$ cat my_file01.txt   # compact mmCIF, C-alpha atoms
# COMPACT_ATOMS: atom_id res chain seq x y z
CA MET A 1 47.66 89.21 115.13
CA LYS A 2 50.21 91.79 116.28
CA PHE A 3 52.17 89.08 118.11
CA ALA A 4 52.23 86.85 115.00
CA LEU A 5 53.42 89.74 112.84
CA ALA A 6 56.17 90.60 115.32
CA ALA A 7 57.27 86.97 115.44
CA LEU A 8 57.43 86.89 111.66
CA VAL A 9 59.61 90.03 111.59
CA ILE A 10 61.98 88.52 114.17
CA ALA A 11 62.18 85.27 112.20
CA LEU A 12 63.05 87.17 109.04
CA LEU A 13 65.75 89.10 110.86
CA ILE A 14 67.49 86.02 112.23
CA THR A 15 67.12 83.88 109.10
CA PRO A 16 70.49 83.80 107.32
CA ASN A 17 70.63 85.42 103.90
CA THR A 18 71.89 82.64 101.63
CA ASN A 19 72.54 85.17 98.83
CA ALA A 20 74.80 87.42 100.92
CA THR A 21 78.39 88.04 99.82
CA THR A 22 81.02 86.85 102.28
CA PHE A 23 84.62 88.10 102.44
CA LYS A 24 87.44 86.14 104.06
CA VAL A 25 91.17 86.71 104.38
CA PHE A 26 92.50 83.46 102.92
CA TYR A 27 96.21 84.03 103.55
CA THR A 28 98.33 86.78 105.11
CA PHE A 29 101.97 87.26 104.05
CA SER A 30 104.74 87.88 106.59
CA PHE A 31 107.66 88.88 104.28
CA THR A 32 109.80 85.72 104.55
CA ASP A 33 107.00 83.88 102.75
CA GLY A 34 106.50 86.77 100.32
CA SER A 35 105.39 90.39 100.32
CA SER A 36 103.32 92.55 97.97
CA PRO A 37 101.31 89.94 96.03
CA ASN A 38 100.31 91.07 92.56
CA GLY A 39 98.79 89.75 89.37
CA ASP A 40 96.05 87.21 88.80
CA LEU A 41 96.01 84.04 90.82
CA ILE A 42 95.59 80.85 88.80
CA THR A 43 94.09 77.50 89.81
CA ASP A 44 94.75 73.88 88.95
CA ALA A 45 92.37 70.94 88.71
CA SER A 46 92.86 70.15 92.41
CA GLY A 47 91.83 73.63 93.54
CA ASN A 48 95.32 74.86 94.39
CA LEU A 49 96.11 78.55 93.83
CA TYR A 50 99.38 79.82 92.35
CA GLY A 51 100.71 83.37 92.34
CA THR A 52 103.69 85.67 92.83
CA THR A 53 104.80 88.44 95.17
CA GLN A 54 107.00 91.31 94.01
CA SER A 55 109.16 91.34 97.13
CA GLY A 56 109.93 89.28 100.19
CA GLY A 57 111.51 85.85 100.20
CA SER A 58 115.14 84.99 100.94
CA SER A 59 116.60 87.82 98.79
CA ASN A 60 113.68 90.28 98.90
CA ARG A 61 113.25 89.85 95.15
CA GLY A 62 109.89 88.09 95.24
CA ILE A 63 108.60 84.54 95.20
CA VAL A 64 106.35 82.04 93.44
CA PHE A 65 103.88 80.44 95.84
CA LYS A 66 101.16 77.80 96.01
CA LEU A 67 98.14 77.77 98.33
CA ASN A 68 96.06 74.65 98.82
CA ALA A 69 92.30 74.66 99.31
CA LYS A 70 92.74 75.18 103.06
CA GLY A 71 95.07 78.17 102.67
CA LYS A 72 98.34 76.39 103.47
CA GLN A 73 101.26 77.95 101.59
CA THR A 74 104.14 76.23 99.82
CA LEU A 75 106.98 78.52 98.73
CA LEU A 76 107.91 77.21 95.27
CA TYR A 77 110.75 79.58 94.39
CA SER A 78 112.51 82.62 95.83
CA PHE A 79 114.16 84.92 93.26
CA THR A 80 117.64 86.36 93.75
CA GLY A 81 117.48 89.25 91.26
CA ASN A 82 120.44 87.87 89.31
CA ALA A 83 120.37 85.63 86.23
CA ASP A 84 117.15 84.01 87.49
CA GLY A 85 115.36 87.38 87.52
CA GLY A 86 113.57 89.20 90.28
CA ILE A 87 110.35 91.12 91.00
CA PRO A 88 107.94 88.76 89.22
CA ILE A 89 105.08 90.71 87.66
CA GLY A 90 101.63 89.66 86.64
CA HIS A 91 100.08 86.25 86.43
CA LEU A 92 101.59 82.81 85.97
CA LEU A 93 100.82 80.30 83.23
CA LEU A 94 100.36 76.60 84.11
CA ASP A 95 100.81 73.92 81.44
CA ALA A 96 99.34 70.41 81.37
CA SER A 97 102.51 68.94 82.91
CA GLY A 98 102.42 71.25 85.92
CA ASN A 99 105.17 73.61 84.80
CA LEU A 100 104.75 77.31 85.58
CA TYR A 101 105.79 80.20 83.31
CA GLY A 102 106.04 83.89 84.08
CA ILE A 103 107.81 87.23 83.68
CA THR A 104 110.13 89.18 85.96
CA ALA A 105 110.91 92.89 85.81
CA LEU A 106 114.46 92.66 87.15
CA GLY A 107 117.58 90.58 86.61
CA GLY A 108 118.50 88.38 83.70
CA ASP A 109 121.01 90.17 81.47
CA PRO A 110 123.77 91.45 83.79
CA THR A 111 124.19 94.72 81.90
CA CYS A 112 120.55 95.68 81.45
CA SER A 113 118.80 93.81 84.30
CA CYS A 114 115.60 94.33 82.28
CA GLY A 115 113.73 91.21 83.33
CA THR A 116 113.21 87.64 82.15
CA VAL A 117 110.81 85.03 80.87
CA PHE A 118 111.11 81.95 83.08
CA LYS A 119 109.94 78.36 83.42
CA LEU A 120 109.54 76.79 86.87
CA ALA A 121 109.37 72.99 86.74
CA LYS A 122 107.32 70.88 89.14
CA ASN A 123 110.49 69.91 91.00
CA GLY A 124 111.28 73.57 91.74
CA THR A 125 114.00 74.00 89.12
CA LEU A 126 113.87 77.42 87.45
CA LYS A 127 115.09 77.97 83.90
CA THR A 128 115.48 81.42 82.34
CA LEU A 129 114.07 81.13 78.82
CA HIS A 130 114.85 84.69 77.79
CA SER A 131 116.58 87.73 79.28
CA PHE A 132 115.45 91.10 77.98
CA LYS A 133 118.28 93.33 76.86
CA GLY A 134 116.50 96.65 76.52
CA GLY A 135 116.44 98.69 73.33
CA LYS A 136 114.79 96.88 70.43
CA ASP A 137 114.57 93.67 72.48
CA GLY A 138 112.32 95.15 75.16
CA ALA A 139 112.37 95.80 78.89
CA GLN A 140 109.85 95.35 81.66
CA ASN A 141 108.27 97.92 83.96
CA GLN A 142 108.69 97.12 87.65
CA GLY A 143 105.44 98.91 88.46
CA GLN A 144 103.30 96.77 86.14
CA PRO A 145 100.87 94.85 88.37
CA GLU A 146 99.36 92.63 85.70
CA LEU A 147 101.34 91.26 82.78
CA GLY A 148 101.69 87.63 81.83
CA LEU A 149 102.06 85.04 79.13
CA VAL A 150 99.70 83.08 76.90
CA MET A 151 100.62 79.81 75.21
CA VAL A 152 99.65 79.14 71.60
CA ASN A 153 100.78 75.96 69.82
CA GLY A 154 103.49 75.34 72.38
CA ALA A 155 105.03 78.82 72.27
CA LEU A 156 104.80 81.67 74.76
CA TYR A 157 103.50 85.12 73.82
CA GLY A 158 103.78 88.23 75.93
CA SER A 159 104.37 91.96 75.91
CA ALA A 160 107.19 94.14 77.16
CA SER A 161 105.99 97.45 78.55
CA PHE A 162 109.11 99.32 77.38
CA GLY A 163 111.73 98.94 74.67
CA GLY A 164 111.16 98.42 70.98
CA VAL A 165 111.08 101.81 69.24
CA SER A 166 112.40 104.82 71.19
CA GLY A 167 110.35 107.97 71.58
CA CYS A 168 107.93 107.11 74.37
CA ASP A 169 108.55 108.14 77.97
CA GLY A 170 111.94 109.56 77.15
CA ASN A 171 114.04 106.96 75.37
CA LEU A 172 112.69 103.93 77.19
CA GLY A 173 110.69 102.83 74.17
CA CYS A 174 107.03 102.25 73.40
CA GLY A 175 106.85 98.53 74.15
CA LEU A 176 106.51 95.42 72.02
CA VAL A 177 104.85 92.02 71.65
CA PHE A 178 107.14 88.99 71.57
CA LYS A 179 107.10 85.24 71.09
CA VAL A 180 109.46 82.90 72.97
CA THR A 181 109.72 79.19 72.19
CA LEU A 182 110.28 76.69 75.00
CA ALA A 183 113.80 76.35 73.64
CA GLY A 184 114.33 80.06 74.36
CA LYS A 185 114.21 81.55 70.86
CA GLU A 186 112.66 85.03 70.84
CA THR A 187 110.81 86.64 67.93
CA ILE A 188 109.54 90.23 68.01
CA LEU A 189 106.03 90.36 66.51
CA HIS A 190 105.45 94.11 66.75
CA ARG A 191 107.27 97.14 68.09
CA PHE A 192 104.85 99.93 68.97
CA THR A 193 105.70 103.39 67.71
CA GLY A 194 103.57 105.62 69.93
CA GLN A 195 101.64 106.82 66.92
CA SER A 196 98.36 105.41 65.62
CA ASP A 197 99.29 101.91 66.82
CA GLY A 198 99.55 103.07 70.44
CA ALA A 199 102.19 102.45 73.07
CA PHE A 200 102.80 100.53 76.30
CA PRO A 201 101.07 97.19 75.50
CA GLN A 202 99.16 95.45 78.27
CA ASP A 203 98.38 91.81 79.02
CA LEU A 204 97.49 89.48 76.13
CA ILE A 205 94.77 86.94 75.38
CA ALA A 206 94.45 84.45 72.52
CA ASP A 207 91.52 82.90 70.65
CA ASN A 208 91.17 79.34 69.38
CA ALA A 209 92.50 80.33 65.96
CA GLY A 210 95.78 81.56 67.46
CA ASN A 211 95.11 85.29 67.12
CA ILE A 212 96.60 87.45 69.88
CA TYR A 213 94.68 90.42 71.33
CA GLY A 214 95.57 93.19 73.73
CA ALA A 215 95.35 96.87 74.57
CA THR A 216 97.83 99.72 74.57
CA GLY A 217 97.74 102.25 77.36
CA GLY A 218 97.93 105.25 75.04
CA SER A 219 100.20 107.02 72.62
CA TYR A 220 101.80 110.35 71.99
CA LYS A 221 99.68 111.12 68.96
CA GLN A 222 97.03 113.74 69.66
CA GLY A 223 93.56 112.25 69.98
CA ASN A 224 94.76 108.73 70.74
CA ALA A 225 93.85 107.64 74.26
CA GLY A 226 94.72 103.98 73.76
CA THR A 227 93.94 101.15 71.36
CA LEU A 228 92.79 97.56 71.08
CA PHE A 229 94.87 95.45 68.71
CA LYS A 230 95.07 92.03 67.08
CA ILE A 231 98.11 90.10 65.88
CA SER A 232 97.38 87.23 63.51
CA PRO A 233 99.26 83.89 63.55
CA ALA A 234 101.19 85.21 60.56
CA GLY A 235 102.33 88.20 62.64
CA LYS A 236 100.14 90.91 61.08
CA MET A 237 99.18 93.66 63.55
CA THR A 238 95.78 95.36 63.16
CA THR A 239 94.38 98.18 65.28
CA LEU A 240 90.79 97.20 66.08
CA TYR A 241 89.68 100.25 68.02
CA THR A 242 91.10 103.63 69.04
CA PHE A 243 89.78 105.33 72.17
CA PRO A 244 88.85 108.96 71.58
CA GLY A 245 89.30 109.80 75.27
CA GLY A 246 87.05 111.78 77.58
CA ALA A 247 83.83 110.09 78.66
CA ASP A 248 84.69 106.98 76.61
CA GLY A 249 87.74 106.28 78.75
CA VAL A 250 91.45 106.98 78.62
CA SER A 251 94.25 104.39 78.73
CA PRO A 252 92.76 100.88 78.52
CA ARG A 253 94.65 98.65 80.91
CA TRP A 254 95.19 95.11 82.04
CA ARG A 255 93.76 92.02 80.37
CA LEU A 256 90.76 92.01 78.04
CA SER A 257 87.92 89.48 78.11
CA LEU A 258 86.57 88.20 74.78
CA ASP A 259 83.12 86.62 74.69
CA THR A 260 81.64 84.17 72.19
CA ASN A 261 80.07 87.02 70.19
CA GLY A 262 83.46 88.56 69.49
CA THR A 263 82.89 91.42 71.95
CA PHE A 264 85.78 92.69 74.06
CA HIS A 265 85.18 93.69 77.67
CA GLY A 266 87.66 95.70 79.67
CA VAL A 267 88.46 98.81 81.69
CA THR A 268 90.36 102.06 81.31
CA GLN A 269 92.37 103.45 84.18
CA PHE A 270 91.40 107.06 83.50
CA GLY A 271 88.73 109.04 81.69
CA GLY A 272 85.01 108.93 82.21
CA ASN A 273 83.75 111.15 85.00
CA THR A 274 85.87 114.26 85.56
CA THR A 275 83.59 116.27 87.84
CA SER A 276 83.20 114.27 91.06
CA CYS A 277 86.21 111.95 90.81
CA ALA A 278 88.23 112.41 94.00
CA LEU A 279 91.49 111.80 92.16
CA GLY A 280 91.31 114.85 89.92
CA SER A 281 90.40 115.98 86.43
CA SER A 282 91.69 112.94 84.50
CA GLY A 283 88.68 110.84 85.45
CA CYS A 284 88.51 107.62 87.46
CA GLY A 285 88.12 105.20 84.57
CA VAL A 286 85.33 103.28 82.88
CA ALA A 287 84.29 99.71 82.14
CA PHE A 288 83.59 99.21 78.44
CA SER A 289 82.67 96.76 75.72
CA VAL A 290 83.71 96.95 72.06
CA ASN A 291 81.80 94.70 69.68
CA ALA A 292 83.07 92.95 66.56
CA LYS A 293 82.07 95.97 64.45
CA GLY A 294 84.21 98.32 66.53
CA LYS A 295 81.38 100.04 68.41
CA GLU A 296 82.14 100.94 72.03
CA GLN A 297 79.68 101.02 74.91
CA VAL A 298 80.52 102.33 78.39
CA THR A 299 79.03 99.88 80.88
CA HIS A 300 80.09 101.73 84.03
CA THR A 301 81.76 105.02 84.91
CA PHE A 302 83.83 104.90 88.08
CA GLY A 303 83.86 107.65 90.68
CA LYS A 304 80.33 108.95 90.20
CA GLN A 305 78.98 107.76 93.54
CA ALA A 306 80.42 108.18 97.02
CA HIS A 307 82.35 105.08 98.13
CA ASP A 308 82.45 103.81 94.55
CA GLY A 309 85.68 102.38 93.22
CA GLU A 310 88.14 104.66 91.43
CA GLU A 311 90.83 103.67 88.90
CA PRO A 312 90.42 99.99 87.99
CA SER A 313 93.43 97.92 89.04
CA ALA A 314 92.71 94.82 86.96
CA GLY A 315 90.78 93.66 83.93
CA LEU A 316 87.27 92.26 84.04
CA PHE A 317 86.86 88.62 85.04
CA ASP A 318 83.93 87.07 83.14
CA ALA A 319 81.84 84.57 85.11
CA ASN A 320 78.94 83.59 82.84
CA GLY A 321 78.29 87.15 81.73
CA ASN A 322 78.76 88.69 85.17
CA PHE A 323 81.98 90.69 85.38
CA TYR A 324 84.15 91.14 88.45
CA GLY A 325 87.06 93.50 89.02
CA THR A 326 89.02 95.63 91.47
CA THR A 327 90.02 99.26 91.84
CA PHE A 328 93.13 100.86 93.33
CA TYR A 329 91.19 103.57 95.16
CA GLY A 330 87.71 104.51 96.31
CA GLY A 331 85.61 102.74 98.90
CA THR A 332 86.61 103.27 102.53
CA VAL A 333 88.46 106.53 103.19
CA ASN A 334 90.49 106.72 106.41
CA SER A 335 93.89 107.76 107.74
CA THR A 336 95.52 104.81 105.98
CA CYS A 337 93.85 105.39 102.62
CA THR A 338 93.40 109.08 101.81
CA PHE A 339 91.65 108.32 98.51
CA GLY A 340 90.08 105.07 99.61
CA CYS A 341 91.49 101.57 100.14
CA GLY A 342 90.03 100.06 96.97
CA VAL A 343 87.07 97.79 96.25
CA VAL A 344 86.02 94.53 94.64
CA TYR A 345 83.01 95.06 92.39
CA GLU A 346 80.55 93.21 90.18
CA ILE A 347 78.88 94.37 86.98
CA ALA A 348 75.97 92.02 86.42
CA SER A 349 74.91 90.87 82.96
CA GLY A 350 72.11 93.45 83.02
CA GLY A 351 74.55 96.27 83.83
CA LYS A 352 73.90 96.62 87.57
CA TYR A 353 77.02 97.71 89.46
CA SER A 354 77.58 96.39 93.00
CA ILE A 355 80.37 96.64 95.55
CA LEU A 356 81.30 93.21 96.94
CA HIS A 357 83.92 94.48 99.39
CA ARG A 358 85.41 97.79 100.49
CA PHE A 359 88.91 97.31 101.87
CA THR A 360 89.67 99.03 105.16
CA GLY A 361 93.48 99.05 105.12
CA ALA A 362 93.62 96.81 108.20
CA ALA A 363 93.68 92.99 108.39
CA ASP A 364 91.69 92.71 105.15
CA GLY A 365 94.41 94.58 103.22
CA TRP A 366 94.28 97.48 100.79
CA LEU A 367 95.33 98.41 97.27
CA PRO A 368 93.95 95.31 95.50
CA THR A 369 96.01 94.57 92.40
CA GLY A 370 95.76 92.03 89.63
CA GLY A 371 92.76 90.19 88.32
CA LEU A 372 90.41 87.79 90.03
CA THR A 373 90.05 84.04 89.58
CA GLU A 374 87.29 81.56 90.38
CA ASP A 375 87.34 78.02 91.76
CA SER A 376 85.00 75.19 90.79
CA ALA A 377 82.58 76.15 93.58
CA GLY A 378 82.23 79.74 92.35
CA ASN A 379 84.40 81.33 95.03
CA ILE A 380 86.47 84.30 93.84
CA TYR A 381 90.07 84.91 94.91
CA GLY A 382 92.29 87.96 94.61
CA ALA A 383 95.29 89.74 96.12
CA ALA A 384 95.69 92.96 98.08
CA TYR A 385 99.15 94.45 97.65
CA LEU A 386 99.37 95.96 101.14
CA GLY A 387 97.84 95.50 104.55
CA GLY A 388 97.23 92.37 106.57
CA GLY A 389 98.71 91.69 109.98
CA SER A 390 102.24 92.81 109.09
CA GLY A 391 101.51 95.03 106.10
CA ASN A 392 102.83 92.58 103.49
CA GLY A 393 99.53 91.95 101.73
CA VAL A 394 96.88 89.24 101.72
CA ILE A 395 95.06 86.76 99.52
CA TYR A 396 91.31 87.05 99.96
CA LYS A 397 88.31 84.89 99.15
CA ILE A 398 84.84 86.15 98.24
CA THR A 399 81.72 84.02 97.98
CA PRO A 400 79.22 86.05 95.90
$ encode --input "my_file01.txt" --output "structure tokens"
Amino acid sequence: MKFALAALVIALLITPNTNATTFKVFYTFSFTDGSSPNGDLITDASGNLYGTTQSGGSSNRGIVFKLNAKGKQTLLYSFTGNADGGIPIGHLLLDASGNLYGITALGGDPTCSCGTVFKLAKNGTLKTLHSFKGGKDGAQNQGQPELGLVMVNGALYGSASFGGVSGCDGNLGCGLVFKVTLAGKETILHRFTGQSDGAFPQDLIADNAGNIYGATGGSYKQGNAGTLFKISPAGKMTTLYTFPGGADGVSPRWRLSLDTNGTFHGVTQFGGNTTSCALGSSGCGVAFSVNAKGKEQVTHTFGKQAHDGEEPSAGLFDANGNFYGTTFYGGTVNSTCTFGCGVVYEIASGGKYSILHRFTGAADGWLPTGGLTEDSAGNIYGAAYLGGGSGNGVIYKITP
């Protein structure tokens, strides 16, 4: 009996766990092929991944790249930082014809060099659709890791993190939401004032009716720790929710998720726990939901547990009610990462929080930035801004 029990224990130990999470470095950058990947990756119907790096390439102004299902890279475009733009930020947009659209934080207008909206055709030809000119026209923030475009009825919608109305962050402006046609005509939909409407707009999403939604990172009005907003097809801006700050979160960031019940899901970079957060008294951020009636619920507070993630670095990716995301800090603390190298996490539909991977700052990378994406087999892909064999960042693959 004892022998049979021992044999059973051994069998259980060597039987593979089919539910275990696996982490794999899918691609490692070496500078000439890009450096410092950021923003969400996107996929096409064939399982190819597309993304950008903020630096590296022939002019060290960033690239657009493609990775096939086996991890082989094709460099689609290398920016020069001149009229074509440079330092691409955030995620790309892929249309039905295979054209890519995105935003850069540098280049364009020779006087301002405030960034561009670009189109990259399948044949590798890049066209600058709009060059930001600063001031009321807007300007981009080179440190923004996740900012992109949405397409509604054949037009591109996006946000500029600065410009618009002066008065926020010196005279850089409070940011704005814009529309650019494929012919290059720009329309400003809303210039944020830094008052009750918030400031520093984040990434945008759209619903089937053509409404645009997003978050602002905060404002300079006392008691306003960020907002959620809606812009109708007619251009009317409505503030849907104002964060009170503190335990409810401060400074909602990145892209929102909107479910079929009209509930928004997202994260704040700060707020929440202020007692055991290793990064200080501002809090390490929260994950939240805000329903159609404007009621907020905190679904997770970061920084409460040792080796937990701290400061979300991307929005929540919704995979059938299970949410996935990344944090800048937390996780493994070592000589490379004083406050932790960052984590990939899951918040299950029932609210359970799990760490899928703690970055070590070595070959697996560190400082994960940008959102996650999923292929048809359920594998999740993301980018780490630093680390890898030569320190230029990696693309990773997780099988939950």
$ residues_around --input "my_file01.txt" --residues "Tyr27 of chain A" --least-positions-apart "6" --cutoff "8 Å" --atoms "all atoms listed in the file" --output "PyMOL selection string"
chain A and resi 71-72+394-396
$ residues_around --input "my_file01.txt" --residues "segment 190-197 of chain A" --least-positions-apart "3" --cutoff "8 Å" --atoms "all atoms listed in the file" --output "PyMOL selection string"
chain A and resi 136+164-168+174-178+200+218-221+224+227+235+237+239
$ write_last_selection --input "my_file01.txt" --atoms "C-alpha atoms" --output "mmCIF file, keeping the file's coordinate frame"
data_model
loop_
_atom_site.group_PDB
_atom_site.id
_atom_site.type_symbol
_atom_site.label_atom_id
_atom_site.label_comp_id
_atom_site.auth_asym_id
_atom_site.auth_seq_id
_atom_site.Cartn_x
_atom_site.Cartn_y
_atom_site.Cartn_z
ATOM 1 C CA LYS A 136 114.790 96.880 70.430
ATOM 2 C CA GLY A 164 111.160 98.420 70.980
ATOM 3 C CA VAL A 165 111.080 101.810 69.240
ATOM 4 C CA SER A 166 112.400 104.820 71.190
ATOM 5 C CA GLY A 167 110.350 107.970 71.580
ATOM 6 C CA CYS A 168 107.930 107.110 74.370
ATOM 7 C CA CYS A 174 107.030 102.250 73.400
ATOM 8 C CA GLY A 175 106.850 98.530 74.150
ATOM 9 C CA LEU A 176 106.510 95.420 72.020
ATOM 10 C CA VAL A 177 104.850 92.020 71.650
ATOM 11 C CA PHE A 178 107.140 88.990 71.570
ATOM 12 C CA PHE A 200 102.800 100.530 76.300
ATOM 13 C CA GLY A 218 97.930 105.250 75.040
ATOM 14 C CA SER A 219 100.200 107.020 72.620
ATOM 15 C CA TYR A 220 101.800 110.350 71.990
ATOM 16 C CA LYS A 221 99.680 111.120 68.960
ATOM 17 C CA ASN A 224 94.760 108.730 70.740
ATOM 18 C CA THR A 227 93.940 101.150 71.360
ATOM 19 C CA GLY A 235 102.330 88.200 62.640
ATOM 20 C CA MET A 237 99.180 93.660 63.550
ATOM 21 C CA THR A 239 94.380 98.180 65.280
#
$ closest_residue --input "my_file01.txt" --among "A:Thr268, A:Ser257, A:Thr28, A:Asn99" --to "Lys127 of chain A" --atoms "all atoms listed in the file"
A:Asn99
$ residues_around --input "my_file01.txt" --residues "segment 380-391 of chain A" --least-positions-apart "4" --cutoff "6 Å" --atoms "only C-alpha atoms" --output "PDB file with C-alpha atoms, keeping the file's coordinate frame"
ATOM      1  CA  THR A  28      98.330  86.780 105.110  1.00  0.00           C
ATOM      2  CA  SER A  36     103.320  92.550  97.970  1.00  0.00           C
ATOM      3  CA  PRO A  37     101.310  89.940  96.030  1.00  0.00           C
ATOM      4  CA  GLY A 361      93.480  99.050 105.120  1.00  0.00           C
ATOM      5  CA  ALA A 362      93.620  96.810 108.200  1.00  0.00           C
ATOM      6  CA  ALA A 363      93.680  92.990 108.390  1.00  0.00           C
ATOM      7  CA  ASP A 364      91.690  92.710 105.150  1.00  0.00           C
ATOM      8  CA  GLY A 365      94.410  94.580 103.220  1.00  0.00           C
ATOM      9  CA  TRP A 366      94.280  97.480 100.790  1.00  0.00           C
ATOM     10  CA  LEU A 367      95.330  98.410  97.270  1.00  0.00           C
ATOM     11  CA  PRO A 368      93.950  95.310  95.500  1.00  0.00           C
ATOM     12  CA  THR A 369      96.010  94.570  92.400  1.00  0.00           C
ATOM     13  CA  LEU A 372      90.410  87.790  90.030  1.00  0.00           C
ATOM     14  CA  THR A 373      90.050  84.040  89.580  1.00  0.00           C
ATOM     15  CA  GLU A 374      87.290  81.560  90.380  1.00  0.00           C
ATOM     16  CA  ILE A 395      95.060  86.760  99.520  1.00  0.00           C
ATOM     17  CA  TYR A 396      91.310  87.050  99.960  1.00  0.00           C
ATOM     18  CA  LYS A 397      88.310  84.890  99.150  1.00  0.00           C
ATOM     19  CA  ILE A 398      84.840  86.150  98.240  1.00  0.00           C
TER      20      ILE A 398
END
$ atom_distance --input "my_file01.txt" --atom1 "atom CA of Cys112 of chain A" --atom2 "atom CA of Asp84 of chain A"
13.6 Å
$ residues_around --input "my_file01.txt" --residues "Phe288 of chain A" --least-positions-apart "2" --cutoff "9 Å" --atoms "all atoms listed in the file" --output "list of chain:residue names"
A:Asp248, A:Gly249, A:Phe264, A:His265, A:Gly266, A:Val267, A:Thr268, A:Val286, A:Val290, A:Glu296, A:Gln297, A:Val298, A:Thr299, A:His300, A:Thr301
$ atom_distance --input "my_file01.txt" --atom1 "atom CA of Val117 of chain A" --atom2 "atom CA of Asp44 of chain A"
21.2 Å
$ residues_around --input "my_file01.txt" --residues "Gly62 of chain A" --least-positions-apart "3" --cutoff "12 Å" --atoms "only C-alpha atoms" --output "ChimeraX atom specification"
/A:29,31-38,51-59,65,75-81,84-89,103-107,142,392
$ closest_residue --input "my_file01.txt" --among "A:Glu186, A:Ala215, A:Phe26, A:Tyr101" --to "Gly393 of chain A" --atoms "all atoms listed in the file"
A:Phe26
$ closest_residue --input "my_file01.txt" --among "A:Asp137, A:Asp375, A:Asp40, A:Asp95" --to "Asp203 of chain A" --atoms "all atoms listed in the file"
A:Asp40
$ closest_residue --input "my_file01.txt" --among "A:Ser282, A:Gln140, A:Thr260, A:Thr399" --to "Thr22 of chain A" --atoms "all atoms listed in the file"
A:Thr399
$ decode --input "my_file01.txt" --residues "segment 64-68 of chain A" --atoms "all heavy atoms" --output "compact mmCIF listing (two decimals), in the first residue's frame"
# COMPACT_ATOMS: atom_id res chain seq x y z
N VAL A 64 8.99 50.49 -37.90
CA VAL A 64 7.78 49.67 -37.93
C VAL A 64 8.23 48.27 -38.33
O VAL A 64 9.00 48.11 -39.29
CB VAL A 64 6.75 50.19 -38.94
CG1 VAL A 64 5.53 49.28 -38.99
CG2 VAL A 64 6.34 51.62 -38.60
N PHE A 65 7.79 47.25 -37.61
CA PHE A 65 8.23 45.90 -37.89
C PHE A 65 7.05 44.93 -37.98
O PHE A 65 5.94 45.20 -37.54
CB PHE A 65 9.21 45.40 -36.81
CG PHE A 65 8.60 45.24 -35.44
CD1 PHE A 65 7.94 44.08 -35.06
CD2 PHE A 65 8.69 46.28 -34.51
CE1 PHE A 65 7.37 43.94 -33.80
CE2 PHE A 65 8.13 46.15 -33.24
CZ PHE A 65 7.46 44.98 -32.89
N LYS A 66 7.37 43.78 -38.57
CA LYS A 66 6.43 42.66 -38.69
C LYS A 66 7.13 41.40 -38.22
O LYS A 66 8.31 41.19 -38.52
CB LYS A 66 5.98 42.51 -40.15
CG LYS A 66 5.19 41.25 -40.48
CD LYS A 66 4.92 41.20 -41.98
CE LYS A 66 4.30 39.89 -42.42
NZ LYS A 66 4.08 39.85 -43.89
N LEU A 67 6.42 40.58 -37.45
CA LEU A 67 6.94 39.28 -37.02
C LEU A 67 5.97 38.20 -37.48
O LEU A 67 4.77 38.30 -37.22
CB LEU A 67 7.08 39.22 -35.50
CG LEU A 67 8.13 40.10 -34.83
CD1 LEU A 67 7.98 40.02 -33.31
CD2 LEU A 67 9.54 39.69 -35.25
N ASN A 68 6.49 37.17 -38.16
CA ASN A 68 5.59 36.09 -38.56
C ASN A 68 5.37 35.13 -37.40
O ASN A 68 5.92 35.33 -36.30
CB ASN A 68 6.10 35.38 -39.81
CG ASN A 68 7.37 34.57 -39.58
OD1 ASN A 68 7.78 34.30 -38.44
ND2 ASN A 68 8.01 34.17 -40.67
